[in-house]
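So the structure is just underneath, and the comments pick up after that.
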Amino acid sequence: MTEIIRLFYLILFIGVSAVGLYVCYHILRYSLSRKSAIAAVILFASVFLLFLLANALSFFQVDWDGLLRTAEGFTYVPSQYSSF
C-alpha cells in the first residue's frame with residue numbers, strides 16, 4: 001500500500017514540477033523586460049524549489065506503515081445520540 005501512496009506522490013511531484021517549469025517559461029517568454037524576467041524567474045524558482053523540497057521532506061517523514069495500521073483498526077459507527 002505504501003508503494004501506491006509513493007507512486008501517487010511521484011505523479012503529483014512530477015506534475016507540480018511541470019507546472020513550475022510552465023510558469024518559468026511564461027515569465028521568460030512574455031515579460032516586457034529581460035532583466036526583470038530573469039529576476040522574477042530567480043525569485044519564483046527559489047521559492048518554488050524551497051516549498052517543493054519542504055513538501056518532499058515532510059512527505060518522506062511520515063510513517064505510512066504505522067498510519068495505515070492505525071487506520072485499518074478504525075471503524076466509525078455513529079450512535080443514535082450522535083449529532084450527525
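Residues in the C-alpha cells are named by chain (A, B, ... in the order shown) and by number from 1 within that chain; ligands are numbered from 1 in the order shown.
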Closest-contact table, region 12-33 of chain A side, partner region 46-62 of chain A, 9 Å, counting only C-alpha atoms, as a tab-separated table:
```
residue	atom	partner	partner_atom	distance
A:Phe13	CA	A:Leu52	CA	8.1
A:Val16	CA	A:Leu52	CA	8.5
A:Ser17	CA	A:Leu52	CA	8.3
A:Gly20	CA	A:Phe48	CA	7.3
```
* To do: Name all residues at most 8 Å from region 24-26 of chain A (count only C-alpha atoms; drop same-chain ones fewer than 6 positions away) and give them as a PyMOL selection string.
  => chain A and resi 41+44-45
Residues from last step as file, N, CA and C atoms, as a compact mmCIF listing (two decimals), in the first residue's frame:
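See again-v3.txt below for the written result:
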```txt
# COMPACT_ATOMS: atom_id res chain seq x y z
N VAL A 41 12.17 35.07 -12.48
CA VAL A 41 12.36 33.62 -12.55
C VAL A 41 13.25 33.14 -11.40
N PHE A 44 10.99 33.33 -8.30
CA PHE A 44 9.98 32.28 -8.35
C PHE A 44 10.60 30.90 -8.15
N ALA A 45 11.67 30.63 -8.87
CA ALA A 45 12.29 29.30 -8.81
C ALA A 45 12.84 29.00 -7.41
```
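As for CA of Thr70 (chain A) and CA of Arg6 (chain A), they are spaced 18.4 Å apart.
Put simply, CA of Met1 (chain A) is 27.4 Å away from CA of Val19 (chain A).
Across A:Leu21, A:Arg69, A:Trp64, A:Ile42, the tightest approach to Thr2 (chain A) is made by A:Trp64 when counting only C-alpha atoms.
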